[in-house]
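What follows is a single structure, written as structure tokens, with notes after it.
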Amino acid sequence: MADRFTKMHGLGNDFVVIDARERPVEMTPARAHAIADRSFGIGCDQLILLEPSTSADVKMRIFNADGSEVEACGNATRCVATLLGEPSVIETLGGMLRVTPADGGAEVVLGEPVFDWEHIPLAMPMDTRDMPVAWDELEHGAAVNVGNPHIIFFVPEADAIALDELGPRIETDPLFPERVNVNVASLDGENQLQLRVWERGVGLTQACGTGACATAVAAIRAGLVKSPVTVSLPGGDLIIRWAPGEPIVMSGAATRVYDGETDWTRFG
Ligand SMILES: N[C@@H](CCC[C@H](N)C(=O)O)C(=O)O
């Protein structure tokens with residue numbers, strides 16, 4: 001019997017979604033990496049595996065293109081919400097997420113952001129609002145964990161940063177024992193941010209939902225913007241709402257591109 005999958009994207013951040021709720025699929029880092037390969041596989045930023053959950057409507061496992069299994073993916077969560085088609089709770093390694101499909105996309109309630117250095121995690125204690133470290137012109141970073149780890153730099157012009165060179169250096173810096181997603185953002189009008197993201201385990205992407213959440217939270221915390229915040233990424237816009245002591249709410253588009261069939265044993 002052929003193995004089925006759905007190709008989806010959230011603002012150009014693209015996914016191979018496998019519904020393994022009724023028919024288990026064995027996923028390994030090597031297999032996820034092979035499927036994600038854009039030349040020799042199907043191609044995606046993240047592979048998403050849906051499995052039965054004992055505590056939620058569905059369990060969502062997330063594999064980056066390099067094969068690493070991670071805790072959270074905001075854009076994929078909206079995509080899965082549209083597949084589920086009704087308000088649901090999704091179990092992830094990063095926590096329980098409440099989702100509601102909306103016109104052309106979905107709203108996702110993530111948990112509360114975490115700011116303690118141990119839980120980003122960082123390798124040493126420091127102020128996560130204004131980190132005393134720098135990589136070339138990227139300095140005064142803020143660190144936030146929104147289910148997965150992010151560092152955010154506010155710069156005059158996000159487009160002017162050589163993120164393809166700085167992103168991998170920061171991602172793999174020993175300061176981040178679990179590596180990190182790297183966000184560079186600039187203010188773009190009242191309560192609006194321009195954002196580019198170097199994703200851990202992937203590289204530059206068209207959009208990163210958790211990056212948008214982490215960046216909006218860091219900007220609200222720094223007094224740069226007020227909720228709701230519009231975050232413009234290369235692939236499109238997300239709306240992020242947050243107040244201290246509350247969970248983060250993200251709204252935006254999700255697109256089903258095509259349904260396909262293959263045989264997962266081709267991928268090792
Ligand atoms: N594209 C995602 C984030 C995916 C995981 C990330 N690369 C990580 O390693 O934490 C999003 O939309 O949030």
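Every chain in the structure tokens has a letter given in the order shown (A, B, ...), and although residue numbers restart at 1 in each chain, ligands are simply numbered from 1 in the order shown.
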
Give me the residues of chain A that have any atom at most 7 Å from an atom of ligand 1; for each, the nearest atom pair and the distance in Å, rounded to one decimal. Use only C-alpha atoms and all ligand atoms, sort by chain and number, and format it as JSON lines.
{"residue": "A:Asn13", "atom": "CA", "partner": "ligand 1", "partner_atom_place_in_ligand_line": "1 (N)", "distance": 6.1}
{"residue": "A:Gln46", "atom": "CA", "partner": "ligand 1", "partner_atom_place_in_ligand_line": "4 (C)", "distance": 6.7}
{"residue": "A:Asn64", "atom": "CA", "partner": "ligand 1", "partner_atom_place_in_ligand_line": "7 (N)", "distance": 5.9}
{"residue": "A:Val70", "atom": "CA", "partner": "ligand 1", "partner_atom_place_in_ligand_line": "9 (O)", "distance": 5.5}
{"residue": "A:Glu71", "atom": "CA", "partner": "ligand 1", "partner_atom_place_in_ligand_line": "10 (O)", "distance": 6.5}
{"residue": "A:Ala72", "atom": "CA", "partner": "ligand 1", "partner_atom_place_in_ligand_line": "5 (C)", "distance": 5.6}
{"residue": "A:Cys73", "atom": "CA", "partner": "ligand 1", "partner_atom_place_in_ligand_line": "13 (O)", "distance": 3.4}
{"residue": "A:Gly74", "atom": "CA", "partner": "ligand 1", "partner_atom_place_in_ligand_line": "13 (O)", "distance": 3.7}
{"residue": "A:Asn75", "atom": "CA", "partner": "ligand 1", "partner_atom_place_in_ligand_line": "12 (O)", "distance": 3.8}
{"residue": "A:Ala76", "atom": "CA", "partner": "ligand 1", "partner_atom_place_in_ligand_line": "12 (O)", "distance": 6.0}
{"residue": "A:Asn148", "atom": "CA", "partner": "ligand 1", "partner_atom_place_in_ligand_line": "10 (O)", "distance": 4.8}
{"residue": "A:Pro149", "atom": "CA", "partner": "ligand 1", "partner_atom_place_in_ligand_line": "10 (O)", "distance": 6.2}
{"residue": "A:Val180", "atom": "CA", "partner": "ligand 1", "partner_atom_place_in_ligand_line": "10 (O)", "distance": 6.9}
{"residue": "A:Asn181", "atom": "CA", "partner": "ligand 1", "partner_atom_place_in_ligand_line": "10 (O)", "distance": 6.1}
{"residue": "A:Glu199", "atom": "CA", "partner": "ligand 1", "partner_atom_place_in_ligand_line": "7 (N)", "distance": 4.4}
{"residue": "A:Arg200", "atom": "CA", "partner": "ligand 1", "partner_atom_place_in_ligand_line": "9 (O)", "distance": 4.3}
{"residue": "A:Gly201", "atom": "CA", "partner": "ligand 1", "partner_atom_place_in_ligand_line": "9 (O)", "distance": 5.5}
{"residue": "A:Val202", "atom": "CA", "partner": "ligand 1", "partner_atom_place_in_ligand_line": "7 (N)", "distance": 6.1}
{"residue": "A:Ala207", "atom": "CA", "partner": "ligand 1", "partner_atom_place_in_ligand_line": "12 (O)", "distance": 6.5}
{"residue": "A:Cys208", "atom": "CA", "partner": "ligand 1", "partner_atom_place_in_ligand_line": "12 (O)", "distance": 3.7}
{"residue": "A:Gly209", "atom": "CA", "partner": "ligand 1", "partner_atom_place_in_ligand_line": "12 (O)", "distance": 3.5}
{"residue": "A:Thr210", "atom": "CA", "partner": "ligand 1", "partner_atom_place_in_ligand_line": "13 (O)", "distance": 3.7}
{"residue": "A:Gly211", "atom": "CA", "partner": "ligand 1", "partner_atom_place_in_ligand_line": "13 (O)", "distance": 5.9}

*Do you have the atom CA of Ala212 of chain A-atom CA of His33 of chain A distance handy?*
24.8 Å

*If you run DSSP on the backbone, which residues of segment 149-220 of chain A are strand (DSSP E), as a ChimeraX atom specification?*
/A:149-154,181-187,192-199,203-204

*Have a look at atom CA of Asp259 of chain A and atom CA of Gly236 of chain A and let me know their distance in Å, one decimal.*
23.3 Å

Among segment 83-235 of chain A, which residues does DSSP mark as alpha helix (DSSP H) when it is run on the backbone? Keep the chain and numbering as in the structure and answer as a tab-separated table (two decimals) with N, CA and C atoms, in the first residue's frame.
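Produced file result-v4.tsv, reproduced below:
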chain	number	residue	atom	x	y	z
A	83	LEU	N	-5.95	21.14	8.73
A	83	LEU	CA	-6.24	19.73	8.38
A	83	LEU	C	-7.25	19.14	9.36
A	84	LEU	N	-7.12	19.49	10.64
A	84	LEU	CA	-8.03	18.95	11.66
A	84	LEU	C	-9.44	19.52	11.46
A	163	LEU	N	22.66	37.51	7.25
A	163	LEU	CA	22.16	36.43	8.12
A	163	LEU	C	22.62	35.05	7.64
A	164	ASP	N	22.90	34.94	6.34
A	164	ASP	CA	23.40	33.65	5.84
A	164	ASP	C	24.78	33.34	6.41
A	165	GLU	N	25.52	34.35	6.81
A	165	GLU	CA	26.85	34.14	7.38
A	165	GLU	C	26.79	34.13	8.91
A	166	LEU	N	26.04	35.09	9.49
A	166	LEU	CA	25.96	35.20	10.95
A	166	LEU	C	25.05	34.14	11.56
A	167	GLY	N	23.98	33.77	10.82
A	167	GLY	CA	23.01	32.80	11.35
A	167	GLY	C	23.66	31.50	11.79
A	168	PRO	N	24.42	30.83	10.91
A	168	PRO	CA	25.02	29.55	11.32
A	168	PRO	C	26.04	29.70	12.44
A	169	ARG	N	26.75	30.84	12.48
A	169	ARG	CA	27.72	31.04	13.57
A	169	ARG	C	27.01	31.13	14.91
A	170	ILE	N	25.90	31.89	14.94
A	170	ILE	CA	25.19	32.07	16.21
A	170	ILE	C	24.45	30.78	16.58
A	171	GLU	N	23.83	30.15	15.58
A	171	GLU	CA	23.07	28.91	15.85
A	171	GLU	C	23.93	27.89	16.59
A	209	GLY	N	7.02	30.91	12.39
A	209	GLY	CA	5.93	31.32	13.29
A	209	GLY	C	6.40	31.54	14.71
A	210	THR	N	7.21	30.59	15.22
A	210	THR	CA	7.70	30.78	16.59
A	210	THR	C	8.68	31.95	16.65
A	211	GLY	N	9.42	32.19	15.55
A	211	GLY	CA	10.31	33.35	15.51
A	211	GLY	C	9.51	34.64	15.60
A	212	ALA	N	8.39	34.68	14.89
A	212	ALA	CA	7.52	35.87	14.95
A	212	ALA	C	6.99	36.06	16.37
A	213	CYS	N	6.60	34.96	17.03
A	213	CYS	CA	6.09	35.05	18.41
A	213	CYS	C	7.19	35.55	19.35
A	214	ALA	N	8.37	34.93	19.27
A	214	ALA	CA	9.48	35.30	20.16
A	214	ALA	C	9.88	36.76	19.94
A	215	THR	N	9.90	37.19	18.67
A	215	THR	CA	10.31	38.56	18.36
A	215	THR	C	9.28	39.57	18.85
A	216	ALA	N	8.00	39.27	18.65
A	216	ALA	CA	6.95	40.18	19.13
A	216	ALA	C	7.00	40.29	20.65
A	217	VAL	N	7.19	39.15	21.32
A	217	VAL	CA	7.26	39.15	22.79
A	217	VAL	C	8.46	39.99	23.26
A	218	ALA	N	9.63	39.77	22.62
A	218	ALA	CA	10.83	40.53	23.02
A	218	ALA	C	10.62	42.02	22.77
A	219	ALA	N	9.94	42.37	21.68
A	219	ALA	CA	9.72	43.79	21.36
A	219	ALA	C	8.71	44.42	22.33
A	220	ILE	N	7.69	43.66	22.72
A	220	ILE	CA	6.72	44.18	23.71
A	220	ILE	C	7.44	44.36	25.05
A	221	ARG	N	8.24	43.36	25.42
A	221	ARG	CA	8.97	43.40	26.69
A	221	ARG	C	9.94	44.59	26.74

*Spatial neighbours of Gly268 of chain A, max dist 12 Å, only C-alpha atoms, sep filter under 3 positions, as a ChimeraX atom specification*: /A:26-35,41,263-265

*Compile the contact shell of Thr6 of chain A as a ChimeraX atom specification: residues with an atom at most 9 Å away, counting only C-alpha atoms, same-chain residues fewer than 6 positions apart removed.*
/A:15-19,256-261

_Here is a test: counting only C-alpha atoms, which residue of A:Pro247, A:Pro174, A:Pro234, A:Gly223 is nearest to Glu190 of chain A?_
A:Gly223

*asked:* as a VMD selection string, please: the residues near segment 97-103 of chain A (cut-off 12 Å, only C-alpha atoms, same-chain neighbours under 4 positions excluded).
replied: chain A and resid 55 to 60 71 to 93 107 to 112 146 to 147 247 to 255

With N, CA and C atoms retained, export the selected residues as a compact mmCIF listing (two decimals), in the first residue's frame.
# COMPACT_ATOMS: atom_id res chain seq x y z
N SER A 55 -3.40 12.45 25.49
CA SER A 55 -3.79 13.61 26.30
C SER A 55 -4.32 14.78 25.48
N ALA A 56 -4.31 14.66 24.14
CA ALA A 56 -4.77 15.75 23.28
C ALA A 56 -5.48 15.12 22.08
N ASP A 57 -5.94 15.95 21.13
CA ASP A 57 -6.61 15.40 19.95
C ASP A 57 -5.63 14.71 19.02
N VAL A 58 -4.40 15.20 19.01
CA VAL A 58 -3.38 14.62 18.13
C VAL A 58 -2.00 14.99 18.67
N LYS A 59 -1.03 14.15 18.38
CA LYS A 59 0.36 14.46 18.74
C LYS A 59 1.08 14.87 17.46
N MET A 60 1.80 15.97 17.52
CA MET A 60 2.52 16.47 16.34
C MET A 60 4.01 16.40 16.62
N GLU A 71 10.90 20.89 19.31
CA GLU A 71 9.74 21.03 20.20
C GLU A 71 8.57 21.77 19.59
N ALA A 72 8.82 22.72 18.68
CA ALA A 72 7.74 23.62 18.27
C ALA A 72 7.92 24.07 16.84
N CYS A 73 6.79 24.33 16.17
CA CYS A 73 6.80 24.95 14.84
C CYS A 73 5.47 25.67 14.66
N GLY A 74 5.51 26.98 14.72
CA GLY A 74 4.27 27.77 14.66
C GLY A 74 3.55 27.64 13.34
N ASN A 75 4.29 27.76 12.23
CA ASN A 75 3.62 27.71 10.91
C ASN A 75 3.01 26.33 10.66
N ALA A 76 3.72 25.27 11.04
CA ALA A 76 3.17 23.92 10.83
C ALA A 76 1.95 23.70 11.72
N THR A 77 1.94 24.32 12.89
CA THR A 77 0.79 24.15 13.79
C THR A 77 -0.47 24.72 13.13
N ARG A 78 -0.34 25.88 12.47
CA ARG A 78 -1.51 26.43 11.76
C ARG A 78 -1.94 25.48 10.63
N CYS A 79 -0.95 24.92 9.92
CA CYS A 79 -1.29 23.99 8.83
C CYS A 79 -2.06 22.78 9.37
N VAL A 80 -1.56 22.21 10.46
CA VAL A 80 -2.21 21.03 11.03
C VAL A 80 -3.61 21.40 11.52
N ALA A 81 -3.76 22.61 12.07
CA ALA A 81 -5.08 23.07 12.53
C ALA A 81 -6.08 23.04 11.38
N THR A 82 -5.65 23.46 10.19
CA THR A 82 -6.59 23.48 9.06
C THR A 82 -6.91 22.05 8.60
N LEU A 83 -5.95 21.14 8.73
CA LEU A 83 -6.24 19.73 8.38
C LEU A 83 -7.25 19.14 9.36
N LEU A 84 -7.12 19.49 10.64
CA LEU A 84 -8.03 18.95 11.66
C LEU A 84 -9.44 19.52 11.46
N GLY A 85 -9.51 20.78 11.01
CA GLY A 85 -10.79 21.36 10.59
C GLY A 85 -11.72 21.81 11.70
N GLU A 86 -11.32 21.68 12.96
CA GLU A 86 -12.17 22.14 14.07
C GLU A 86 -11.28 22.50 15.25
N PRO A 87 -11.79 23.29 16.20
CA PRO A 87 -10.96 23.63 17.35
C PRO A 87 -10.41 22.37 18.01
N SER A 88 -9.11 22.34 18.27
CA SER A 88 -8.45 21.12 18.75
C SER A 88 -7.30 21.47 19.68
N VAL A 89 -6.81 20.43 20.37
CA VAL A 89 -5.61 20.57 21.19
C VAL A 89 -4.54 19.65 20.58
N ILE A 90 -3.36 20.22 20.36
CA ILE A 90 -2.26 19.48 19.73
C ILE A 90 -1.13 19.32 20.75
N GLU A 91 -0.71 18.07 20.94
CA GLU A 91 0.41 17.79 21.85
C GLU A 91 1.72 17.92 21.06
N THR A 92 2.68 18.68 21.61
CA THR A 92 4.01 18.78 21.00
C THR A 92 5.04 18.61 22.11
N LEU A 93 6.30 18.44 21.73
CA LEU A 93 7.36 18.36 22.75
C LEU A 93 7.47 19.69 23.51
N GLU A 107 -5.73 30.17 14.15
CA GLU A 107 -5.20 30.87 15.33
C GLU A 107 -4.61 29.80 16.24
N VAL A 108 -3.44 30.07 16.80
CA VAL A 108 -2.77 29.11 17.69
C VAL A 108 -2.49 29.80 19.02
N VAL A 109 -2.87 29.14 20.11
CA VAL A 109 -2.52 29.63 21.44
C VAL A 109 -1.32 28.83 21.91
N LEU A 110 -0.15 29.50 21.93
CA LEU A 110 1.06 28.84 22.44
C LEU A 110 1.09 29.06 23.96
N GLY A 111 2.05 28.48 24.63
CA GLY A 111 2.17 28.69 26.08
C GLY A 111 2.70 30.09 26.37
N GLU A 112 3.02 30.30 27.65
CA GLU A 112 3.65 31.56 28.04
C GLU A 112 5.13 31.51 27.67
N VAL A 146 9.83 29.97 23.37
CA VAL A 146 8.37 29.94 23.15
C VAL A 146 7.95 28.49 22.85
N GLY A 147 8.64 27.55 23.49
CA GLY A 147 8.51 26.12 23.14
C GLY A 147 9.81 25.67 22.52
N PRO A 247 -0.58 33.57 27.75
CA PRO A 247 -0.02 32.83 26.62
C PRO A 247 0.05 33.70 25.35
N ILE A 248 0.87 33.28 24.42
CA ILE A 248 1.01 34.01 23.14
C ILE A 248 -0.07 33.48 22.18
N VAL A 249 -0.65 34.39 21.40
CA VAL A 249 -1.64 33.98 20.39
C VAL A 249 -1.14 34.44 19.02
N MET A 250 -1.06 33.49 18.09
CA MET A 250 -0.58 33.78 16.73
C MET A 250 -1.69 33.51 15.72
N SER A 251 -1.90 34.41 14.76
CA SER A 251 -2.89 34.18 13.70
C SER A 251 -2.23 34.39 12.34
N GLY A 252 -2.60 33.53 11.39
CA GLY A 252 -2.05 33.70 10.04
C GLY A 252 -2.50 32.59 9.12
N ALA A 253 -2.01 32.69 7.88
CA ALA A 253 -2.46 31.80 6.81
C ALA A 253 -1.81 30.42 6.88
N ALA A 254 -2.48 29.46 6.24
CA ALA A 254 -1.95 28.10 6.09
C ALA A 254 -2.47 27.56 4.76
N THR A 255 -1.60 26.93 3.99
CA THR A 255 -1.98 26.53 2.63
C THR A 255 -1.66 25.06 2.37

*What's the 9 Å shell around Asn145 of chain A, counting only C-alpha atoms, without same-chain residues fewer than 6 positions away, as a count of residues only?*
10
